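Coordinates as given in protein.tsv (TSV, C-alpha atoms and all ligand atoms):
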```
chain	number	residue	atom	x	y	z
E	20	MET	CA	0.00	0.00	0.00
E	21	LYS	CA	2.90	2.36	0.78
E	22	PHE	CA	4.35	1.56	-2.63
E	23	LEU	CA	1.08	2.57	-4.34
E	24	LEU	CA	0.99	5.88	-2.43
E	25	LEU	CA	4.61	6.60	-3.43
E	26	LEU	CA	3.74	5.84	-7.06
E	27	VAL	CA	0.80	8.30	-6.95
E	28	VAL	CA	3.01	11.02	-5.41
E	29	ILE	CA	5.67	10.51	-8.10
E	30	PHE	CA	3.03	10.57	-10.84
E	31	VAL	CA	1.48	13.81	-9.55
E	32	ALA	CA	4.92	15.46	-9.16
E	33	ALA	CA	5.89	14.44	-12.71
E	34	TRP	CA	2.59	15.78	-14.08
E	35	ALA	CA	2.99	19.11	-12.25
E	36	TRP	CA	6.59	19.45	-13.49
E	37	ARG	CA	5.57	18.64	-17.07
E	38	SER	CA	2.61	21.04	-17.18
E	39	GLY	CA	4.81	23.78	-15.70
E	40	ARG	CA	7.40	23.20	-18.42
E	41	LEU	CA	4.76	23.20	-21.16
E	42	ALA	CA	3.37	26.51	-19.88
E	43	ASP	CA	6.91	27.93	-19.93
E	44	VAL	CA	7.45	26.81	-23.54
E	45	ALA	CA	4.08	28.23	-24.64
E	46	HIS	CA	4.97	31.52	-22.94
E	47	LYS	CA	8.38	31.71	-24.65
E	48	GLN	CA	6.99	30.89	-28.13
E	49	LYS	CA	4.80	34.00	-28.29
E	50	PRO	CA	5.18	35.66	-31.70
E	51	PRO	CA	7.18	38.92	-31.67
E	52	PRO	CA	5.06	42.08	-31.60
E	53	THR	CA	4.29	43.50	-35.02
E	54	PRO	CA	6.03	46.79	-35.83
E	55	PRO	CA	3.83	49.89	-35.68
E	56	PRO	CA	2.38	51.03	-39.01
E	57	GLN	CA	4.50	53.57	-40.88
E	58	ASP	CA	3.22	56.74	-42.51
E	59	MET	CA	3.34	56.38	-46.30
E	60	VAL	CA	3.99	59.29	-48.64
E	61	SER	CA	3.95	59.41	-52.44
E	62	CYS	CA	6.84	60.57	-54.60
E	63	ALA	CA	6.16	64.02	-56.12
E	64	GLN	CA	7.80	62.84	-59.39
E	65	CYS	CA	6.55	59.30	-60.05
E	66	GLY	CA	3.81	58.88	-57.42
E	67	VAL	CA	5.16	55.65	-55.93
E	68	HIS	CA	4.31	55.17	-52.23
E	69	ILE	CA	7.22	54.93	-49.82
E	70	PRO	CA	7.58	55.01	-46.01
E	71	GLN	CA	8.03	58.59	-44.81
E	72	ALA	CA	11.30	57.60	-43.12
E	73	ASP	CA	12.77	56.56	-46.53
E	74	ALA	CA	11.52	59.62	-48.44
E	75	ILE	CA	13.96	62.27	-49.67
E	76	ALA	CA	12.79	65.81	-48.95
E	77	GLY	CA	13.07	68.40	-51.69
E	78	ARG	CA	11.88	71.97	-52.28
E	79	ASP	CA	8.57	70.84	-53.85
E	80	GLY	CA	7.82	67.81	-51.71
E	81	LEU	CA	9.02	64.31	-50.95
E	82	TYR	CA	10.69	61.97	-53.44
E	83	CYS	CA	11.41	58.26	-53.61
E	84	CYS	CA	15.04	58.74	-54.67
E	85	ALA	CA	17.63	61.47	-55.26
E	86	GLU	CA	17.29	61.04	-59.03
E	87	HIS	CA	13.60	61.96	-58.97
E	88	ARG	CA	14.28	64.96	-56.72
E	89	GLN	CA	16.95	66.14	-59.15
E	90	ARG	CA	14.71	65.55	-62.20
E	91	ALA	CA	11.75	67.41	-60.62
E	92	GLU	CA	13.74	70.39	-59.36
E	93	SER	CA	16.13	71.02	-62.26
Q	1	ZN	ZN	9.88	58.71	-57.66
```
As structure tokens, what does this structure read like?
Amino acid sequence: MKFLLLLVVIFVAAWAWRSGRLADVAHKQKPPPTPPPQDMVSCAQCGVHIPQADAIAGRDGLYCCAEHRQRAES
């Protein structure tokens, strides 16, 4: 009878340890947060949409590349 009780205790301890580990793994495998949406602007020369951070500022507006800024302002 003592042996049976010991077996039950071991089984319960193993189950608790396993479910704790599974919860840890599930917590660690959360997907990374998505980046915040960026403001999009359109090129004053060709109209292509680009993130505002990548836009090149010119006298008459924002451009997708230096070539378009040069072409529009020369
Ligand atoms: Zn352009």
Fill in: Contacts with ligand ZN 1 (chain Q) at most 9 Å, only C-alpha atoms and all ligand atoms counted, listed as a list in words
Ser61, Cys62, Ala63, Gln64, Cys65, Gly66, Val67, His68, Leu81, Tyr82, Cys83, Cys84, Ala85, Glu86, His87 and Arg88 of chain E
Worksheet item: If you count all atoms listed in the file, which residues fall within 7 Å of E:Gln71, apart from same-chain ones fewer than 2 positions away, as a list in words?
Response: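 Near E:Gln71, the qualifying residues are Asp58, Met59, Val60, Ile69, Asp73 and Ala74 of chain E.
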Worksheet item: What gap, in Å, lies between atom CA of E:Ile29 and atom CA of E:Leu41?
Response: 18.2 Å
Worksheet entry | Point-to-point distance from atom CA of E:Ala72 to atom CA of E:Pro50, Å rounded to tenths |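 For atom CA of E:Ala72 relative to atom CA of E:Pro50, the distance reads 25.5 Å.
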Worksheet item: In Å, how far is it from atom CA of E:Lys47 to atom CA of E:Val31?
Response: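 Answer for the atom CA of E:Lys47 to atom CA of E:Val31 separation: 24.4 Å.
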